[in-house]
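The structure under discussion appears below in the form of structure tokens.
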Amino acid sequence: MSVAGLRKAAHETVAGFPREFWWLWTSTLVNRLGAFVATFMALYLTLDRGYSASYAGLVAALHGLGGVVSSLGAGVMTDRLGRRPTMLIAQLSTAVSVAVLGFMVHPAAIAGVAFVVGMASNASRPAVQAMMADIVRPEDRVRAFSLNYWAVNLGFAVSSAGAGFIAEYSYLAGFLCEAALTLLCAVVVFLKVPESRPEQAPRVAGVRPPDDVRLSTVLRDGRYMGVVGLSFLVALIFQQGYVGLPVAMGADGLSASDFGTAIAVNGVLIVVLQIPVTRFIQHRDPRRLLIISSLLAGYGFGLTAFAGSVGVYALTVCVWTLAEIVNAPTQTGIVVQLSPSHGRGRYQGMYTMSWSVAALIAPLMSGFVIDHYGAAWLWGTCAVLGTVTAAGYWLLMRSLELPGSVKSAQAAPVAPAAPAPQTSLAAPAVTVEHGAPPVDHEAPPAERAVAAGGTGPSL
């Protein structure tokens, strides 16, 4: 591709987003640049503090449990208090708790504060995803989620390398650096990111507003909970790259540095390929993408059963990383399509919880299967899970009409002048005019203005 072609592709990738999106994207990047605790917690506890591997595993589990607990609570806060207040509370709490964790020495204190850190650090995710859905046009959401996911991985790649050097000097410095960068993230949100929560109907005593969404509403949403269940299965597969893969490579006589080399392929490929792959998939049927990515994930890990060298392990990482690149923004976009605007926080919280629960169960699953049956059975299980997930997506979503699909293009639905608040599972109706982008009629006035073409400057 020529230089002019590359410039055009880059412009098309980042163009069309409102200014608020880029500040939100920047806050995500800053936040992930400070990711120290999750990366080096086990080494900190075993090497610096001298605790056992079992205790380090317990602390990691409590950190994950905190994320599970906060997912639903943060979703409720996102809808009730707003996206911006929830992010600020979560980021300030994370900054304080991470700094405190660096000074803890008693085992019970470390475990307790790690649980709080897990709660606080996970609490902003539903708010970030809900706000992104609020301010970005429906047809641009997959691209937006992909760029955000790219920022997460770019920040994590840089922070992992930097944290290694910081850890050689002082683990405490790593905790304080993460706290400072998280605080900077909160400052960016406070100064540059306005509230985007749609206005709700006024409450009347004794009468429930028609757009009121509760957790029970989400739980009764059968198709959405089906998607959450399938995302849990996908997450179980992907988690094996960080819990099952290092154990299997160690059993093959490979070192920790060998695992680092193989897993580094994941981060490098995401940073290099996320944006061009998104350009390729953004106008394709998301249902097919989810089916294909589920199969790639399952059989990518399944191929690990035949690996015995660093090169072959790295090759299998390439396969399931491609699945991750396709799955992450596509699945998040589906979640938004199935979420009513006034309940996006609760819906996103339930989706986030599926990944948090998978992070808890995956280590138990891999340990049990490897200890009792061997690593080959673990990779075979991943292949089966990928197949089941792909079949589940095909069954669950074959009748679902989404923007960009053939059926919805043929139907060309027109929204009524005053649509009722969306509580069903179908994608929101849109009005499509020749030459004009679709407008999300459930969105607040600011988002409608963006959809009509009033976008801010792009980077």
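Convention: chains lettered A, B, ... in structure tokens order; per-chain residue numbering from 1; ligands numbered from 1 as shown.
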
**Item:** DSSP helix (DSSP H, G or I) selection over region 7-63 of chain A, as a PyMOL selection string
**Value:** chain A and resi 7-14+19-33+37-48+53-63

Please write the residues from the selection above to a file, keeping N, CA and C atoms, as a compact mmCIF listing (two decimals), in the first residue's frame.
```txt
# COMPACT_ATOMS: atom_id res chain seq x y z
N ARG A 7 -2.17 6.76 4.71
CA ARG A 7 -2.73 7.95 5.35
C ARG A 7 -4.25 7.96 5.28
N LYS A 8 -4.78 7.57 4.12
CA LYS A 8 -6.23 7.52 3.96
C LYS A 8 -6.84 6.48 4.90
N ALA A 9 -6.19 5.31 5.00
CA ALA A 9 -6.70 4.26 5.89
C ALA A 9 -6.68 4.71 7.34
N ALA A 10 -5.58 5.38 7.73
CA ALA A 10 -5.48 5.87 9.11
C ALA A 10 -6.54 6.91 9.40
N HIS A 11 -6.77 7.80 8.42
CA HIS A 11 -7.78 8.84 8.62
C HIS A 11 -9.17 8.22 8.75
N GLU A 12 -9.49 7.25 7.91
CA GLU A 12 -10.80 6.61 7.97
C GLU A 12 -10.98 5.84 9.28
N THR A 13 -9.88 5.36 9.86
CA THR A 13 -9.96 4.61 11.10
C THR A 13 -10.33 5.50 12.27
N VAL A 14 -9.79 6.71 12.31
CA VAL A 14 -9.99 7.58 13.47
C VAL A 14 -10.98 8.69 13.23
N ARG A 19 -15.32 14.67 20.04
CA ARG A 19 -14.17 15.01 20.88
C ARG A 19 -14.18 14.23 22.19
N GLU A 20 -15.40 14.03 22.76
CA GLU A 20 -15.51 13.34 24.05
C GLU A 20 -14.97 11.91 23.97
N PHE A 21 -15.15 11.27 22.82
CA PHE A 21 -14.64 9.91 22.67
C PHE A 21 -13.14 9.88 22.83
N TRP A 22 -12.45 10.84 22.24
CA TRP A 22 -10.98 10.82 22.29
C TRP A 22 -10.46 11.11 23.69
N TRP A 23 -11.17 11.93 24.44
CA TRP A 23 -10.75 12.13 25.83
C TRP A 23 -11.00 10.86 26.65
N LEU A 24 -12.09 10.18 26.37
CA LEU A 24 -12.36 8.92 27.04
C LEU A 24 -11.32 7.88 26.65
N TRP A 25 -10.95 7.84 25.38
CA TRP A 25 -9.90 6.95 24.89
C TRP A 25 -8.56 7.26 25.57
N THR A 26 -8.26 8.55 25.70
CA THR A 26 -7.01 8.96 26.36
C THR A 26 -6.99 8.51 27.81
N SER A 27 -8.11 8.64 28.49
CA SER A 27 -8.17 8.21 29.89
C SER A 27 -7.94 6.71 30.00
N THR A 28 -8.46 5.94 29.05
CA THR A 28 -8.23 4.49 29.04
C THR A 28 -6.75 4.18 28.86
N LEU A 29 -6.11 4.87 27.92
CA LEU A 29 -4.69 4.64 27.66
C LEU A 29 -3.86 4.98 28.89
N VAL A 30 -4.14 6.11 29.51
CA VAL A 30 -3.40 6.51 30.71
C VAL A 30 -3.59 5.49 31.82
N ASN A 31 -4.82 5.03 31.97
CA ASN A 31 -5.12 4.05 33.01
C ASN A 31 -4.33 2.77 32.81
N ARG A 32 -4.26 2.28 31.58
CA ARG A 32 -3.56 1.02 31.32
C ARG A 32 -2.05 1.19 31.33
N LEU A 33 -1.57 2.40 31.11
CA LEU A 33 -0.13 2.63 31.21
C LEU A 33 0.37 2.41 32.63
N VAL A 37 -0.11 -3.63 39.34
CA VAL A 37 -0.50 -4.61 40.36
C VAL A 37 -0.88 -5.94 39.72
N ALA A 38 -1.76 -5.90 38.73
CA ALA A 38 -2.24 -7.15 38.13
C ALA A 38 -1.10 -7.94 37.48
N THR A 39 -0.08 -7.23 36.98
CA THR A 39 1.01 -7.90 36.27
C THR A 39 2.03 -8.52 37.21
N PHE A 40 2.37 -7.80 38.27
CA PHE A 40 3.50 -8.24 39.10
C PHE A 40 3.11 -8.58 40.54
N MET A 41 1.82 -8.75 40.81
CA MET A 41 1.39 -9.04 42.17
C MET A 41 1.98 -10.35 42.69
N ALA A 42 1.95 -11.39 41.86
CA ALA A 42 2.45 -12.70 42.30
C ALA A 42 3.94 -12.64 42.59
N LEU A 43 4.70 -11.98 41.70
CA LEU A 43 6.14 -11.85 41.93
C LEU A 43 6.42 -11.01 43.17
N TYR A 44 5.65 -9.96 43.37
CA TYR A 44 5.82 -9.11 44.55
C TYR A 44 5.63 -9.90 45.83
N LEU A 45 4.59 -10.73 45.88
CA LEU A 45 4.29 -11.47 47.10
C LEU A 45 5.29 -12.59 47.36
N THR A 46 5.73 -13.27 46.30
CA THR A 46 6.62 -14.42 46.49
C THR A 46 8.09 -14.01 46.60
N LEU A 47 8.54 -13.08 45.75
CA LEU A 47 9.95 -12.71 45.74
C LEU A 47 10.29 -11.62 46.75
N ASP A 48 9.45 -10.57 46.79
CA ASP A 48 9.76 -9.43 47.64
C ASP A 48 9.31 -9.65 49.08
N ALA A 53 3.48 -19.58 47.13
CA ALA A 53 2.72 -19.49 45.89
C ALA A 53 1.23 -19.67 46.17
N SER A 54 0.88 -20.50 47.15
CA SER A 54 -0.54 -20.70 47.49
C SER A 54 -1.16 -19.41 48.00
N TYR A 55 -0.42 -18.69 48.84
CA TYR A 55 -0.94 -17.41 49.34
C TYR A 55 -1.08 -16.40 48.20
N ALA A 56 -0.09 -16.38 47.29
CA ALA A 56 -0.18 -15.48 46.14
C ALA A 56 -1.41 -15.80 45.29
N GLY A 57 -1.69 -17.10 45.13
CA GLY A 57 -2.89 -17.49 44.40
C GLY A 57 -4.17 -17.05 45.09
N LEU A 58 -4.18 -17.14 46.43
CA LEU A 58 -5.34 -16.69 47.20
C LEU A 58 -5.57 -15.20 47.01
N VAL A 59 -4.51 -14.42 47.07
CA VAL A 59 -4.64 -12.98 46.89
C VAL A 59 -5.14 -12.65 45.49
N ALA A 60 -4.61 -13.36 44.49
CA ALA A 60 -5.07 -13.15 43.11
C ALA A 60 -6.56 -13.49 42.98
N ALA A 61 -6.99 -14.56 43.65
CA ALA A 61 -8.40 -14.94 43.61
C ALA A 61 -9.28 -13.89 44.27
N LEU A 62 -8.81 -13.34 45.40
CA LEU A 62 -9.58 -12.29 46.08
C LEU A 62 -9.65 -11.03 45.22
N HIS A 63 -8.56 -10.72 44.54
CA HIS A 63 -8.57 -9.58 43.61
C HIS A 63 -9.61 -9.80 42.52
```

Could you build a table of the residues in region 311-369 of chain A lying no more than 7 Å from region 130-146 of chain A, giving for each the nearest pair of atoms and their separation in Å rounded to one decimal place, using only C-alpha atoms, ordered by chain and ascending residue number, as JSON lines?
```
{"residue": "A:Pro329", "atom": "CA", "partner": "A:Ser146", "partner_atom": "CA", "distance": 4.9}
{"residue": "A:Thr330", "atom": "CA", "partner": "A:Val142", "partner_atom": "CA", "distance": 6.0}
{"residue": "A:Gly333", "atom": "CA", "partner": "A:Val142", "partner_atom": "CA", "distance": 5.5}
{"residue": "A:Val336", "atom": "CA", "partner": "A:Ala133", "partner_atom": "CA", "distance": 6.6}
{"residue": "A:Arg344", "atom": "CA", "partner": "A:Ala130", "partner_atom": "CA", "distance": 5.5}
{"residue": "A:Gly345", "atom": "CA", "partner": "A:Ala130", "partner_atom": "CA", "distance": 5.8}
{"residue": "A:Gln348", "atom": "CA", "partner": "A:Ala130", "partner_atom": "CA", "distance": 6.9}
```

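Separating CA of Val268 (chain A) from CA of Tyr242 (chain A) is a distance of 15.7 Å.
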
**Message:** Restricting the calculation to only C-alpha atoms: of A:Thr86, A:Gly308, A:Val105, A:Val388, which residue gets closest to Gly253 (chain A)?
**Reply:**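 Checking each of A:Thr86, A:Gly308, A:Val105, A:Val388 against Gly253 (chain A), counting only C-alpha atoms, the winner is A:Gly308.
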
**Asked** Smallest atom-to-atom distance to Ala307 (chain A): which of A:Ala248, A:Ala173, A:Ser293, A:Cys185, using only C-alpha atoms?
**Response**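 Comparing A:Ala248, A:Ala173, A:Ser293, A:Cys185 against Ala307 (chain A), the winner is A:Ala248.
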
**Message:** If we count only C-alpha atoms and set the cut-off at 9 Å, which residues sit around Val227 (chain A), ignoring sequence neighbours fewer than 3 positions away in its own chain? Please answer as a list in words.
**Reply:** Gly222, Arg223, Tyr224, Leu230, Ser231, Phe232, Gln331, Ile334, Val335, Tyr351, Gly392, Tyr393, Leu396 and Met397 of chain A

Write out the residues from the selection above, keeping C-alpha atoms, as a compact mmCIF listing (two decimals), in the first residue's frame.
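Result went into part-v9.txt, see below:
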```txt
# COMPACT_ATOMS: atom_id res chain seq x y z
CA GLY A 222 -33.32 -14.34 27.90
CA ARG A 223 -31.42 -13.62 24.72
CA TYR A 224 -29.09 -11.16 26.41
CA LEU A 230 -21.56 -17.44 25.67
CA SER A 231 -19.16 -14.61 26.53
CA PHE A 232 -18.35 -16.52 29.73
CA GLN A 331 -19.05 -8.90 21.11
CA ILE A 334 -23.60 -6.86 20.24
CA VAL A 335 -23.96 -6.17 23.96
CA TYR A 351 -21.41 -8.59 30.69
CA GLY A 392 -24.66 -21.20 20.62
CA TYR A 393 -24.14 -17.94 18.75
CA LEU A 396 -29.22 -17.62 19.63
CA MET A 397 -28.75 -14.91 17.04
```

**Asked** Quick one: distance from CA of Pro276 (chain A) to CA of Leu154 (chain A) in Å, one decimal?
**Response** 15.0 Å

**Message:** Taking only C-alpha atoms into account, name the residue in A:Phe115, A:Val68, A:Leu181, A:Arg80 that is nearest to Ala95 (chain A).
**Reply:**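 Of A:Phe115, A:Val68, A:Leu181, A:Arg80, the one nearest Ala95 (chain A), counting only C-alpha atoms, is A:Leu181.
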
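Neighbouring residues of Met249 (chain A) at 12 Å or closer, counting only C-alpha atoms and skipping chain neighbours under 6 positions away, are Gly241, Tyr242, Val243, Ser255, Ala256, Ser257, Asp258, Phe259, Gly260, Thr261, Ala262, Ile263, Thr304, Ala305, Phe306, Ala307, Gly308, Ser309, Val310, Gly311, Val312, Tyr313, Ala314, Ile370, Ala375 and Ala376 of chain A.
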
**Nearest to Pro340 (chain A), chosen from A:Gly162, A:Asp79, A:Ser354, A:Phe175, with only C-alpha atoms counted in the distances** =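 Closest candidate: A:Asp79.
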
**Atom pair CA of Ala359 (chain A) / CA of Gly244 (chain A): separation (Å)** = 11.9 Å
